[in-house]
$ cat final_30.pdb   # PDB, C-alpha atoms
ATOM      1  CA  MET A 269      67.305  66.931  86.005
ATOM      2  CA  ALA A 270      70.323  68.983  84.894
ATOM      3  CA  ASP A 271      73.048  69.852  87.330
ATOM      4  CA  PRO A 272      72.654  73.416  88.729
ATOM      5  CA  SER A 273      76.337  73.988  88.042
ATOM      6  CA  PHE A 274      75.597  73.694  84.316
ATOM      7  CA  PHE A 275      73.118  76.599  84.386
ATOM      8  CA  VAL A 276      75.469  78.672  86.514
ATOM      9  CA  GLY A 277      78.248  77.821  84.073
ATOM     10  CA  ILE A 278      76.105  78.992  81.124
ATOM     11  CA  VAL A 279      75.417  82.271  82.911
ATOM     12  CA  GLY A 280      79.125  82.519  83.657
ATOM     13  CA  ASN A 281      79.918  81.974  79.971
ATOM     14  CA  VAL A 282      77.583  84.771  78.895
ATOM     15  CA  ILE A 283      78.922  87.206  81.459
ATOM     16  CA  SER A 284      82.554  86.309  80.759
ATOM     17  CA  ILE A 285      82.116  86.782  77.024
ATOM     18  CA  LEU A 286      80.551  90.181  77.749
ATOM     19  CA  VAL A 287      83.612  90.950  79.901
ATOM     20  CA  PHE A 288      85.939  89.932  77.091
ATOM     21  CA  ALA A 289      83.873  91.987  74.623
ATOM     22  CA  SER A 290      83.695  95.113  76.817
ATOM     23  CA  PRO A 291      86.979  96.598  75.468
ATOM     24  CA  ILE A 292      85.476  96.707  71.969
ATOM     25  CA  ALA A 293      84.330 100.301  72.549
ATOM     26  CA  THR A 294      87.827 101.181  73.780
ATOM     27  CA  PHE A 295      89.489  99.750  70.685
ATOM     28  CA  ARG A 296      86.945 101.402  68.420
ATOM     29  CA  ARG A 297      88.102 104.678  69.949
ATOM     30  CA  ILE A 298      91.767 103.692  69.514
ATOM     31  CA  VAL A 299      91.217 102.839  65.847
ATOM     32  CA  ARG A 300      89.254 106.043  65.238
ATOM     33  CA  SER A 301      91.856 108.297  66.872
ATOM     34  CA  LYS A 302      94.791 106.122  65.736
ATOM     35  CA  SER A 303      96.258 106.479  69.226
ATOM     36  CA  THR A 304      96.319 104.282  72.328
ATOM     37  CA  GLU A 305      96.127 107.457  74.485
ATOM     38  CA  GLU A 306      96.420 106.527  78.180
ATOM     39  CA  PHE A 307      94.956 103.023  77.921
ATOM     40  CA  ARG A 308      97.036 100.232  79.466
ATOM     41  CA  TRP A 309      98.253  97.312  77.405
ATOM     42  CA  LEU A 310      99.294  94.965  80.217
ATOM     43  CA  PRO A 311      95.749  93.717  81.067
ATOM     44  CA  TYR A 312      95.250  92.443  77.516
ATOM     45  CA  VAL A 313      98.583  90.589  77.459
ATOM     46  CA  THR A 314      97.931  88.999  80.855
ATOM     47  CA  THR A 315      94.360  88.054  79.966
ATOM     48  CA  LEU A 316      95.519  86.464  76.699
ATOM     49  CA  LEU A 317      97.922  84.197  78.566
ATOM     50  CA  SER A 318      95.321  83.466  81.248
ATOM     51  CA  THR A 319      92.566  82.468  78.802
ATOM     52  CA  SER A 320      94.997  80.346  76.797
ATOM     53  CA  LEU A 321      96.064  78.402  79.881
ATOM     54  CA  TRP A 322      92.456  78.046  81.107
ATOM     55  CA  THR A 323      91.554  76.548  77.745
ATOM     56  CA  PHE A 324      94.382  74.035  78.172
ATOM     57  CA  TYR A 325      93.176  73.344  81.733
ATOM     58  CA  GLY A 326      89.598  72.740  80.581
ATOM     59  CA  LEU A 327      90.724  70.271  77.955
ATOM     60  CA  HIS A 328      92.325  68.095  80.665
ATOM     61  CA  LYS A 329      89.641  68.487  83.347
ATOM     62  CA  PRO A 330      86.706  66.090  83.289
ATOM     63  CA  GLY A 331      83.471  68.048  82.617
ATOM     64  CA  GLY A 332      85.461  71.134  81.673
ATOM     65  CA  LEU A 333      83.540  71.932  78.471
ATOM     66  CA  LEU A 334      82.168  75.256  79.770
ATOM     67  CA  ILE A 335      85.693  76.261  80.780
ATOM     68  CA  VAL A 336      86.958  75.550  77.272
ATOM     69  CA  THR A 337      84.189  77.453  75.469
ATOM     70  CA  VAL A 338      84.382  80.648  77.482
ATOM     71  CA  ASN A 339      88.174  80.822  77.593
ATOM     72  CA  GLY A 340      88.612  79.864  73.949
ATOM     73  CA  ALA A 341      86.353  82.780  72.924
ATOM     74  CA  GLY A 342      88.209  85.037  75.336
ATOM     75  CA  ALA A 343      91.620  84.058  73.965
ATOM     76  CA  ALA A 344      90.498  84.881  70.411
ATOM     77  CA  LEU A 345      89.207  88.331  71.429
ATOM     78  CA  GLU A 346      92.298  89.131  73.505
ATOM     79  CA  ALA A 347      94.561  88.213  70.590
ATOM     80  CA  ILE A 348      92.676  90.757  68.441
ATOM     81  CA  TYR A 349      93.037  93.440  71.138
ATOM     82  CA  VAL A 350      96.774  92.855  71.495
ATOM     83  CA  THR A 351      97.215  93.082  67.720
ATOM     84  CA  LEU A 352      95.279  96.357  67.490
ATOM     85  CA  TYR A 353      97.185  97.867  70.413
ATOM     86  CA  LEU A 354     100.483  96.985  68.764
ATOM     87  CA  ALA A 355      99.292  98.610  65.538
ATOM     88  CA  TYR A 356      98.555 102.002  67.155
ATOM     89  CA  ALA A 357     100.977 102.135  70.088
ATOM     90  CA  PRO A 358     103.850 104.671  70.131
ATOM     91  CA  ARG A 359     107.190 103.379  68.928
ATOM     92  CA  GLU A 360     108.767 102.983  72.372
ATOM     93  CA  THR A 361     105.671 101.300  73.822
ATOM     94  CA  LYS A 362     105.393  99.047  70.794
ATOM     95  CA  ALA A 363     109.002  97.866  71.118
ATOM     96  CA  LYS A 364     108.524  97.046  74.792
ATOM     97  CA  MET A 365     105.171  95.366  74.228
ATOM     98  CA  VAL A 366     106.478  93.137  71.432
ATOM     99  CA  LYS A 367     109.176  91.792  73.758
ATOM    100  CA  VAL A 368     106.618  91.045  76.490
ATOM    101  CA  VAL A 369     104.170  89.381  74.086
ATOM    102  CA  LEU A 370     106.875  87.163  72.616
ATOM    103  CA  ALA A 371     108.200  86.248  76.046
ATOM    104  CA  VAL A 372     104.835  85.683  77.754
ATOM    105  CA  ASN A 373     102.173  84.778  75.206
ATOM    106  CA  VAL A 374     104.463  82.711  73.017
ATOM    107  CA  GLY A 375     107.479  81.557  75.006
ATOM    108  CA  ALA A 376     105.915  81.004  78.444
ATOM    109  CA  LEU A 377     102.747  79.416  77.070
ATOM    110  CA  ALA A 378     104.695  77.038  74.858
ATOM    111  CA  ALA A 379     106.990  76.087  77.756
ATOM    112  CA  VAL A 380     104.072  75.316  80.114
ATOM    113  CA  VAL A 381     102.257  73.211  77.526
ATOM    114  CA  ALA A 382     105.429  71.307  76.626
ATOM    115  CA  VAL A 383     106.391  70.580  80.246
ATOM    116  CA  ALA A 384     102.835  69.585  81.189
ATOM    117  CA  LEU A 385     102.503  67.180  78.278
ATOM    118  CA  VAL A 386     105.973  65.661  78.556
ATOM    119  CA  ALA A 387     106.893  65.690  82.262
ATOM    120  CA  LEU A 388     103.569  65.781  84.132
ATOM    121  CA  HIS A 389     100.773  63.242  84.175
ATOM    122  CA  GLY A 390      97.300  62.777  85.601
ATOM    123  CA  GLY A 391      96.365  64.762  88.689
ATOM    124  CA  VAL A 392      99.795  66.383  88.970
ATOM    125  CA  ARG A 393      99.435  67.924  85.521
ATOM    126  CA  LEU A 394      95.976  69.256  86.389
ATOM    127  CA  PHE A 395      97.222  70.613  89.725
ATOM    128  CA  VAL A 396     100.232  72.461  88.245
ATOM    129  CA  VAL A 397      98.260  73.928  85.383
ATOM    130  CA  GLY A 398      95.421  74.871  87.781
ATOM    131  CA  VAL A 399      97.810  76.750  90.086
ATOM    132  CA  LEU A 400      99.243  78.671  87.139
ATOM    133  CA  CYS A 401      95.754  79.507  85.881
ATOM    134  CA  ALA A 402      94.640  80.735  89.297
ATOM    135  CA  ALA A 403      97.717  82.944  89.646
ATOM    136  CA  LEU A 404      97.193  84.455  86.193
ATOM    137  CA  THR A 405      93.500  85.064  86.882
ATOM    138  CA  ILE A 406      94.408  86.969  90.017
ATOM    139  CA  GLY A 407      96.827  88.987  87.892
ATOM    140  CA  MET A 408      94.068  89.577  85.343
ATOM    141  CA  TYR A 409      91.779  90.941  88.023
ATOM    142  CA  ALA A 410      94.592  92.957  89.616
ATOM    143  CA  ALA A 411      95.764  94.494  86.325
ATOM    144  CA  PRO A 412      92.950  97.117  86.303
ATOM    145  CA  MET A 413      94.376  98.419  89.581
ATOM    146  CA  ALA A 414      96.693 100.514  87.404
ATOM    147  CA  ALA A 415      93.567 102.099  85.949
ATOM    148  CA  MET A 416      92.310 102.634  89.495
ATOM    149  CA  ARG A 417      95.485 104.559  90.332
ATOM    150  CA  THR A 418      94.955 106.669  87.212
ATOM    151  CA  VAL A 419      91.394 107.428  88.342
ATOM    152  CA  VAL A 420      92.599 108.585  91.768
ATOM    153  CA  LYS A 421      95.422 110.632  90.237
ATOM    154  CA  THR A 422      93.353 112.368  87.537
ATOM    155  CA  ARG A 423      90.081 112.327  89.497
ATOM    156  CA  SER A 424      88.411 111.111  86.309
ATOM    157  CA  VAL A 425      86.937 107.718  85.321
ATOM    158  CA  GLU A 426      87.619 108.289  81.620
ATOM    159  CA  TYR A 427      90.199 105.494  81.466
ATOM    160  CA  MET A 428      88.266 103.006  83.609
ATOM    161  CA  PRO A 429      85.111 102.074  81.645
ATOM    162  CA  PHE A 430      82.108 101.338  83.811
ATOM    163  CA  SER A 431      81.040  98.334  81.706
ATOM    164  CA  LEU A 432      84.357  96.557  82.299
ATOM    165  CA  SER A 433      84.266  97.160  86.046
ATOM    166  CA  PHE A 434      80.631  96.074  86.288
ATOM    167  CA  PHE A 435      81.092  92.841  84.333
ATOM    168  CA  LEU A 436      84.256  91.969  86.254
ATOM    169  CA  PHE A 437      82.160  92.299  89.387
ATOM    170  CA  LEU A 438      79.445  89.984  87.992
ATOM    171  CA  ASN A 439      81.948  87.564  86.481
ATOM    172  CA  GLY A 440      83.811  87.106  89.759
ATOM    173  CA  GLY A 441      80.597  86.526  91.660
ATOM    174  CA  VAL A 442      79.093  83.999  89.227
ATOM    175  CA  TRP A 443      82.262  81.926  88.824
ATOM    176  CA  SER A 444      82.773  81.926  92.588
ATOM    177  CA  VAL A 445      79.343  80.293  92.925
ATOM    178  CA  TYR A 446      80.179  77.842  90.123
ATOM    179  CA  SER A 447      83.417  76.829  91.845
ATOM    180  CA  LEU A 448      81.516  76.013  95.017
ATOM    181  CA  LEU A 449      79.102  73.805  93.082
ATOM    182  CA  VAL A 450      81.810  71.846  91.250
ATOM    183  CA  LYS A 451      84.313  72.054  94.136
ATOM    184  CA  ASP A 452      87.056  73.511  91.968
ATOM    185  CA  TYR A 453      89.083  75.877  94.113
ATOM    186  CA  PHE A 454      91.411  76.809  91.269
ATOM    187  CA  ILE A 455      88.394  78.590  89.818
ATOM    188  CA  GLY A 456      86.950  79.756  93.151
ATOM    189  CA  ILE A 457      89.891  81.530  94.810
ATOM    190  CA  PRO A 458      90.871  83.896  91.974
ATOM    191  CA  ASN A 459      87.243  84.718  91.133
ATOM    192  CA  ALA A 460      86.464  85.532  94.759
ATOM    193  CA  ILE A 461      89.383  87.981  94.677
ATOM    194  CA  GLY A 462      88.083  89.335  91.375
ATOM    195  CA  PHE A 463      84.647  89.852  92.931
ATOM    196  CA  ALA A 464      86.215  91.916  95.734
ATOM    197  CA  LEU A 465      88.306  93.991  93.299
ATOM    198  CA  GLY A 466      85.295  94.521  91.046
ATOM    199  CA  THR A 467      83.379  95.848  94.031
ATOM    200  CA  ALA A 468      86.243  98.263  94.773
ATOM    201  CA  GLN A 469      86.276  99.488  91.167
ATOM    202  CA  LEU A 470      82.543 100.155  91.225
ATOM    203  CA  ALA A 471      82.920 102.110  94.463
ATOM    204  CA  LEU A 472      85.731 104.155  92.911
ATOM    205  CA  TYR A 473      83.639 104.783  89.815
ATOM    206  CA  MET A 474      80.728 106.071  91.901
ATOM    207  CA  ALA A 475      83.090 108.342  93.825
ATOM    208  CA  TYR A 476      84.652 110.012  90.752
ATOM    209  CA  ARG A 477      82.025 109.672  88.015
ATOM    210  CA  ARG A 478      80.754 113.244  88.479
ATOM    211  CA  THR A 479      84.236 114.707  87.987
ATOM    212  CA  LYS A 480      84.510 113.385  84.442
ATOM    213  CA  LYS A 481      84.863 116.154  81.865
ATOM    214  CA  PRO A 482      82.014 116.562  79.357
ATOM    215  CA  ALA A 483      82.753 115.433  75.801
ATOM    216  CA  GLY A 484      84.106 118.147  73.538
ATOM    217  CA  LYS A 485      85.467 120.361  76.289
ATOM    218  CA  GLY A 486      88.631 118.406  76.772
ATOM    219  CA  GLY A 487      91.080 118.595  79.635
ATOM    220  CA  ASP A 488      90.799 117.159  83.109
ATOM    221  CA  ASP A 489      91.122 118.226  86.712
ATOM    222  CA  ASP A 490      94.913 118.310  86.398
ATOM    223  CA  GLU A 491      94.541 121.082  83.824
ATOM    224  CA  ASP A 492      92.240 122.959  86.228
ATOM    225  CA  ASP A 493      94.894 122.635  88.926
ATOM    226  CA  GLU A 494      97.527 123.915  86.478
ATOM    227  CA  ASP A 495      95.269 126.855  85.570
ATOM    228  CA  ASP A 496      94.798 127.682  89.262
ATOM    229  CA  GLU A 497      98.560 127.523  89.862
ATOM    230  CA  GLU A 498      99.191 129.708  86.806
ATOM    231  CA  ALA A 499      96.617 132.272  88.002
ATOM    232  CA  GLN A 500      98.208 132.325  91.440
ATOM    233  CA  GLY A 501     101.626 132.804  89.854
ATOM    234  CA  VAL A 502     100.361 135.728  87.768
ATOM    235  CA  ALA A 503      98.793 137.282  90.853
ATOM    236  CA  ARG A 504     102.070 136.972  92.787
ATOM    237  CA  LEU A 505     103.982 138.483  89.862
ATOM    238  CA  MET A 506     101.555 141.406  89.621
ATOM    239  CA  GLY A 507     101.803 141.980  93.356
ATOM    240  CA  HIS A 508     105.598 141.980  93.114
ATOM    241  CA  GLN A 509     105.495 144.462  90.239
ATOM    242  CA  VAL A 510     103.128 146.745  92.181
ATOM    243  CA  GLU A 511     105.462 146.588  95.183
ATOM    244  CA  MET A 512     108.474 147.462  93.023
ATOM    245  CA  ALA A 513     106.566 150.338  91.422
ATOM    246  CA  GLN A 514     105.661 151.651  94.872
ATOM    247  CA  GLN A 515     109.305 151.470  95.930
ATOM    248  CA  ARG A 516     110.412 153.336  92.793
ATOM    249  CA  ARG A 517     107.745 155.988  93.405
ATOM    250  CA  ASP A 518     108.906 156.427  96.996
ATOM    251  CA  GLN A 519     112.522 156.765  95.838
ATOM    252  CA  GLN A 520     111.554 159.347  93.230
ATOM    253  CA  LEU A 521     109.562 161.272  95.848
ATOM    254  CA  ARG A 522     112.508 161.327  98.224
ATOM    255  CA  LYS A 523     114.784 162.363  95.383
ATOM    256  CA  GLY A 524     112.398 165.136  94.377
ATOM    257  CA  LEU A 525     112.281 166.441  97.928
ATOM    258  CA  SER A 526     116.054 166.466  98.134
ATOM    259  CA  LEU A 527     116.273 168.312  94.814
ATOM    260  CA  SER A 528     113.713 170.903  95.959
ATOM    261  CA  LEU A 529     115.709 171.828  99.075
ATOM    262  CA  PRO A 530     117.704 175.092  98.683
ATOM    263  CA  LYS A 531     121.390 174.601  98.088
ATOM    264  CA  PRO A 532     123.948 176.882  99.720
ATOM    265  CA  ALA A 533     125.238 179.472  97.267
ATOM    266  CA  ALA A 534     128.758 178.869  96.111
ATOM    267  CA  PRO A 535     131.113 181.834  95.857
ATOM    268  CA  LEU A 536     131.974 183.002  92.384
ATOM    269  CA  HIS A 537     135.564 183.759  93.410
ATOM    270  CA  GLY A 538     137.835 181.791  95.683
ATOM    271  CA  GLY A 539     138.415 178.115  96.162
ATOM    272  CA  LEU A 540     136.875 175.393  98.250
ATOM    273  CA  ASP A 541     139.651 175.778 100.806
ATOM    274  CA  ARG A 542     138.466 179.330 101.595
ATOM    275  CA  ILE A 543     134.930 178.120 102.223
ATOM    276  CA  ILE A 544     136.107 175.366 104.556
ATOM    277  CA  LYS A 545     138.472 177.799 106.238
ATOM    278  CA  SER A 546     135.674 180.330 106.767
ATOM    279  CA  PHE A 547     133.659 177.742 108.716
ATOM    280  CA  SER A 548     136.633 176.949 110.985
ATOM    281  CA  THR A 549     137.681 180.549 111.822
ATOM    282  CA  THR A 550     136.466 182.720 114.639
ATOM    283  CA  PRO A 551     134.684 186.009 113.913
ATOM    284  CA  VAL A 552     137.809 187.994 114.778
ATOM    285  CA  GLU A 553     139.967 185.924 112.400
ATOM    286  CA  LEU A 554     137.331 186.206 109.719
ATOM    287  CA  HIS A 555     137.278 190.025 110.120
ATOM    288  CA  SER A 556     141.045 190.135 109.855
ATOM    289  CA  ILE A 557     141.066 187.990 106.710
ATOM    290  CA  LEU A 558     138.449 190.147 105.056
ATOM    291  CA  HIS A 559     140.357 193.317 105.990
ATOM    292  CA  GLN A 560     143.573 191.914 104.486
ATOM    293  CA  HIS A 561     141.725 190.800 101.420
ATOM    294  CA  HIS A 562     140.263 194.240 100.733
ATOM    295  CA  GLY A 563     143.463 195.958 101.572
ATOM    296  CA  GLY A 564     145.616 193.915  99.170
ATOM    297  CA  HIS A 565     143.382 194.117  96.102
ATOM    298  CA  HIS A 566     141.946 197.103  94.318
ATOM    299  CA  HIS A 567     139.681 195.415  91.766
ATOM    300  CA  HIS A 568     136.130 194.312  92.415
ATOM    301  CA  HIS A 569     135.278 191.094  94.250
ATOM    302  CA  ARG A 570     132.003 189.417  95.234
ATOM    303  CA  PHE A 571     131.709 187.560  98.498
ATOM    304  CA  ASP A 572     128.316 185.932  98.945
ATOM    305  CA  THR A 573     128.445 185.064 102.649
ATOM    306  CA  VAL A 574     126.405 187.512 104.689
ATOM    307  CA  PRO A 575     127.129 187.778 108.399
ATOM    308  CA  ASP A 576     124.280 187.052 110.673
ATOM    309  CA  ASP A 577     123.445 188.921 113.857
ATOM    310  CA  ASP A 578     125.540 186.674 116.104
ATOM    311  CA  ASP A 579     128.656 187.102 113.961
ATOM    312  CA  GLU A 580     128.158 190.876 113.852
ATOM    313  CA  ALA A 581     127.753 191.122 117.600
ATOM    314  CA  ALA A 582     130.832 189.005 118.152
ATOM    315  CA  ALA A 583     132.830 191.124 115.790
ATOM    316  CA  VAL A 584     131.730 194.345 117.489
ATOM    317  CA  ALA A 585     132.626 192.930 120.850
ATOM    318  CA  ALA A 586     136.034 191.806 119.619
ATOM    319  CA  GLY A 587     137.113 194.554 117.275
ATOM    320  CA  GLY A 588     134.625 197.413 117.727
ATOM    321  CA  THR A 589     133.576 197.416 114.049
ATOM    322  CA  THR A 590     131.160 195.351 111.935
ATOM    323  CA  PRO A 591     132.480 193.027 109.257
ATOM    324  CA  ALA A 592     132.487 194.619 105.830
ATOM    325  CA  THR A 593     130.040 193.379 103.187
ATOM    326  CA  THR A 594     130.506 193.850  99.515
ATOM    327  CA  ALA A 595     127.818 194.722  97.057
ATOM    328  CA  GLY A 596     127.505 193.727  93.498
ATOM    329  CA  PRO A 597     129.598 195.336  90.750
ATOM    330  CA  GLY A 598     128.757 198.936  90.161
ATOM    331  CA  ASP A 599     127.176 199.355  93.559
ATOM    332  CA  ARG A 600     130.175 199.460  95.871
ATOM    333  CA  HIS A 601     134.000 199.463  95.500
TER     334      HIS A 601
END

$ encode --input "final_30.pdb" --output "structure tokens"
Amino acid sequence: MADPSFFVGIVGNVISILVFASPIATFRRIVRSKSTEEFRWLPYVTTLLSTSLWTFYGLHKPGGLLIVTVNGAGAALEAIYVTLYLAYAPRETKAKMVKVVLAVNVGALAAVVAVALVALHGGVRLFVVGVLCAALTIGMYAAPMAAMRTVVKTRSVEYMPFSLSFFLFLNGGVWSVYSLLVKDYFIGIPNAIGFALGTAQLALYMAYRRTKKPAGKGGDDDEDDEDDEEAQGVARLMGHQVEMAQQRRDQQLRKGLSLSLPKPAAPLHGGLDRIIKSFSTTPVELHSILHQHHGGHHHHHRFDTVPDDDDEAAAVAAGGTTPATTAGPGDRH
């Protein structure tokens, strides 16, 4: 009777290959649009290193055939993804990515293989390589956390495909069971963590899947927020303009009222000093000035100030006569 771990390992191979193949739809979109858009490149670089090291680990582990097959297929697919991303990435991203790929997928991998083959032997070699593989697998599972942050920020699951999250969930669960059967904790620990992270991604997907924008309409919730802020800004500007218009209308109204008030008539003859002087003199002095004025000049003058009843009474009481008033030309000399 076959070992149960073999059947679990076969199931794990199928699921893992589906996980490795899940970005095919993403890269079909990248090739069609000739743009990497907001997709992250780090998960593919990390997974390429991880699958390469797991293949090396399986070659040195007794009974590690299923580890070699699944990770060898994964390494080939990840190499294709990295190449396509480099082909369509923006110039700045491409320059940075090339440096990381050369340092990690070429330099680091070659260094580990060389040290393991030359300096390490037997169980020590398997232990060191197993620790490195476990750490990289945890990084592979943790890499989509950047996509999770994008989902929370944009409130859209557009850049976190459901198929990838679902198969990561299944992959972590199946390989965790396999590790218990073969008692390989280098496989078990990282896949248990991956199972937990896959569960979190599925929960996040269910929370934000209804906020995803329909195809063809474009935009996201950030654009809606920007539209709301722009509408509020326009409303505030309109309110400010209405307030300024009201203030200008009030000023014009006050100005119109001040213009409509009657202005005191200015004398046609005489200076401003006589007007000021007339306000500061008593009725008796005013009567005397007028008498001197009429007595010293024989041509016509016009004096527009008309005495009121109080001035006339005061003048009568003081001098016994009323102040003289002049008429217009031709009426009185």

$ atom_distance --input "final_30.pdb" --atom1 "atom CA of A:Val397" --atom2 "atom CA of A:Ala378"
12.7 Å

$ atom_distance --input "final_30.pdb" --atom1 "atom CA of A:Gly441" --atom2 "atom CA of A:Gly277"
11.8 Å

$ closest_residue --input "final_30.pdb" --among "A:Asn439, A:Leu327, A:Ala410, A:Arg423" --to "A:Arg393" --atoms "only C-alpha atoms"
A:Leu327

$ atom_distance --input "final_30.pdb" --atom1 "atom CA of A:Pro458" --atom2 "atom CA of A:Glu306"
27.1 Å

$ resolve_selection --input "final_30.pdb" --expression "the PyMOL selection byres ((chain A and resi 438) around 12)" --output "MDAnalysis selection string"
chainID A and resid 279:287 431:437 439:445 459:460 462:467 470

$ resolve_selection --input "final_30.pdb" --expression "the PyMOL selection byres ((chain A and resi 352) around 10)" --output "list in words"
Phe295, Arg296, Ile298, Val299, Lys302, Thr304, Glu346, Ala347, Ile348, Tyr349, Val350, Thr351, Tyr353, Leu354, Ala355, Tyr356 and Ala357 of chain A

$ closest_residue --input "final_30.pdb" --among "A:Ala387, A:Val399, A:Leu472, A:Ile461" --to "A:Lys421" --atoms "only C-alpha atoms"
A:Leu472

$ residues_near_point --input "final_30.pdb" --point "(84.1, 77.8, 83.3)" --cutoff "10 Å" --atoms "only C-alpha atoms" --output "PDB file with C-alpha atoms, in the coordinates of the input"
ATOM      1  CA  SER A 273      76.337  73.988  88.042  1.00  0.00           C
ATOM      2  CA  PHE A 274      75.597  73.694  84.316  1.00  0.00           C
ATOM      3  CA  VAL A 276      75.469  78.672  86.514  1.00  0.00           C
ATOM      4  CA  GLY A 277      78.248  77.821  84.073  1.00  0.00           C
ATOM      5  CA  ILE A 278      76.105  78.992  81.124  1.00  0.00           C
ATOM      6  CA  VAL A 279      75.417  82.271  82.911  1.00  0.00           C
ATOM      7  CA  GLY A 280      79.125  82.519  83.657  1.00  0.00           C
ATOM      8  CA  ASN A 281      79.918  81.974  79.971  1.00  0.00           C
ATOM      9  CA  SER A 284      82.554  86.309  80.759  1.00  0.00           C
ATOM     10  CA  TRP A 322      92.456  78.046  81.107  1.00  0.00           C
ATOM     11  CA  THR A 323      91.554  76.548  77.745  1.00  0.00           C
ATOM     12  CA  GLY A 326      89.598  72.740  80.581  1.00  0.00           C
ATOM     13  CA  GLY A 331      83.471  68.048  82.617  1.00  0.00           C
ATOM     14  CA  GLY A 332      85.461  71.134  81.673  1.00  0.00           C
ATOM     15  CA  LEU A 333      83.540  71.932  78.471  1.00  0.00           C
ATOM     16  CA  LEU A 334      82.168  75.256  79.770  1.00  0.00           C
ATOM     17  CA  ILE A 335      85.693  76.261  80.780  1.00  0.00           C
ATOM     18  CA  VAL A 336      86.958  75.550  77.272  1.00  0.00           C
ATOM     19  CA  THR A 337      84.189  77.453  75.469  1.00  0.00           C
ATOM     20  CA  VAL A 338      84.382  80.648  77.482  1.00  0.00           C
ATOM     21  CA  ASN A 339      88.174  80.822  77.593  1.00  0.00           C
ATOM     22  CA  VAL A 442      79.093  83.999  89.227  1.00  0.00           C
ATOM     23  CA  TRP A 443      82.262  81.926  88.824  1.00  0.00           C
ATOM     24  CA  TYR A 446      80.179  77.842  90.123  1.00  0.00           C
ATOM     25  CA  SER A 447      83.417  76.829  91.845  1.00  0.00           C
ATOM     26  CA  ILE A 455      88.394  78.590  89.818  1.00  0.00           C
TER      27      ILE A 455
END

$ residues_near_point --input "final_30.pdb" --point "(101.6, 86.1, 73.6)" --cutoff "7 Å" --atoms "all atoms listed in the file" --output "NGL selection string"
:A and (313 or 316-317 or 369-370 or 372-374)
